[in-house]
Amino acid sequence: MKFKKGQRSISLSAITVLSVTLAAITAVSVCVSIFAGVYSRSLLRDARVSSLQAAEQTATAVDNYLDSMKEKLSLIYGIVLKTETPVELEEKLSAVTYVQNDIFSITLYGENGEIIACAGSGGELKNNISADESFDKELYEKTDGFILTSSHVQTLFKNEYPWVVTIAVKTEKPIFDKGVYIAIDFKFSEIAKYINSVGVGRQGYCFITDKKGDIVYHPQQQMLFSGIKSENLELLTAKPDGVINDSDVIYALKTTENGEWRTAAVTYTGELKTERQTQIIISVALTFLICALILLIVLIVYSNIVNKPVKSLIKDMKRFEKEADGFVLNGGSEAVTELRVISDSFRHMTVKISELMEKVRHEETELRKTELKALQAQINPHFLYNTLDSIQWMCEQGRTDDAAKMVSSLARLFRISISRGKELITIKDEMRHAESYLIIQSYRYKDQFTYSFEIDPTLENCLCNKITVQPLIENAIYHGLNRTVDEGEIKISVKKAPDDENDILITVSDNGIGMTEEQCNAILKKERSDSSGIGVKNVNDRLKIYFGDKYGLNIESELDVGTTVTVRIPKKENE
């Protein structure tokens, strides 16, 4: 179909790209609208889940920390039971606090809080202790098992006021007649490092309360004491474990396994709103980028799976039109079903055509071989008639020796020509065949020319086509030497090719009248005639049929100087 002048057209790829791009813009726009509504709810839900996970992880870490404190207290209790004097006890306890970095001090209390023995921190114990928050008589007396206090400032040592948590246990019997309670003040800094590292959003945090709702640890404890910040502890104390929404704050609560403490994770919804707005703006901006990327990707994909295979198939079709012989189709990887069907059909067609061409070529080659074998079986009748006539004349003249030599040469010529039906004979036999022909011709032409052989002895057993050299000699005599008045000379040589040691060069040279370049080219195209025997062209054709296009004849000639015919054959010792 031809388009009219001025008529516009649009390619299938452009239509596909435009359609996909519009569909992508519509789809992404709808997704952004839905995203704006769903994202707020999912963001809040994720914040609740994240806060609860943070509270649970913190509670687990606190449980592990409390278990570790109890284990260390049990070990120290065993040390106390095995110690005989307070002085000895203080020495052992000092060694323990030196090794255990999280233990600030270890104290043996009497029933009313009097200090029986105390060691730790490496500092000096105060002489007059006005208040000791590590000992709460009411808490100590009403608690069975392990006693756990809230975090507080320890004031037993001079110039040292660390935040600690005290864990104590009542002894089964008085130690040194007075000691009733063994208490360890643990530095709260170890567990505080973990709690401070827990991230709940950009502004969120975790803190710990006790059963009464009092704060055990808060990362912003100084701000709480100064009144700058506050927590709704009444709400948290009244609610069970779980997630609580309080205006713009989300609380996630989790009680430790022993029930002593409670962890709370705080998330601010205000930062979620800001994050939501930012995400929506980013999504809208990404829409345009995505559409551009979709356009590019569709163009590349369409080009690779449709345009490129079509262009390749068209190129192969044009190449097949020009080079049908030996054509190989490189396709077959088309992703589109229709294109693959077309490609497979074209491939099937090319294979069939190639098979037919090969069949025709094979039949022509076999026909040519048959013709050549028929030519080999023929002897130039004029040559045979003239040779027999010469033998008869020699017998009549009494030159029986010369006649016998001609008969012997003619017999050897026939015997080598037949060669038991073999196409390939040794170079040695081929040279004998050529020599027999030269002997016969030298008698006929009454010694008008001389001849010589130069043969590499290592090549005598290599094979060549029979009756290869004789037609070249025949051509040299009839067309080169027969027309010259001077004595002719024919030289035959056999040697290795200098450019390839696996090839053999057989040359036949004469000093005849020579030929032009056009005459040399015409000889290789000239068909057989009765006056030229099998013919130089047939020798060349026969070599190429058996050995390939690399091999055959090459003719070099110069007028009034002579002609040299070179035969190139492969070096073979076995058929």
# chains A, B, ... in the order shown; residues from 1 in each chain; ligands from 1
$ residues_around --residues "stretch 83-95 of chain A" --least-positions-apart "5" --cutoff "12 Å" --atoms "only C-alpha atoms" --output "PyMOL selection string"
chain A and resi 72-73+75-78+100-101+103-109+115-125+175-179+182-184
$ select_by_dssp --residues "stretch 24-173 of chain A" --states "alpha helix (DSSP H)" --output "PyMOL selection string"
chain A and resi 24-81+86-99+137-142
$ select_by_dssp --residues "stretch 214-327 of chain A" --states "strand (DSSP E)" --output "number ranges by chain"
A: 215-217, 242-246, 249-255, 261-268
$ residues_around --residues "A:Met431" --least-positions-apart "3" --cutoff "10 Å" --atoms "only C-alpha atoms" --output "MDAnalysis selection string"
chainID A and resid 426:428 434:437 453 455 460 466:470 492:494
$ atom_distance --atom1 "atom CA of A:Ile208" --atom2 "atom CA of A:Leu233"
10.9 Å
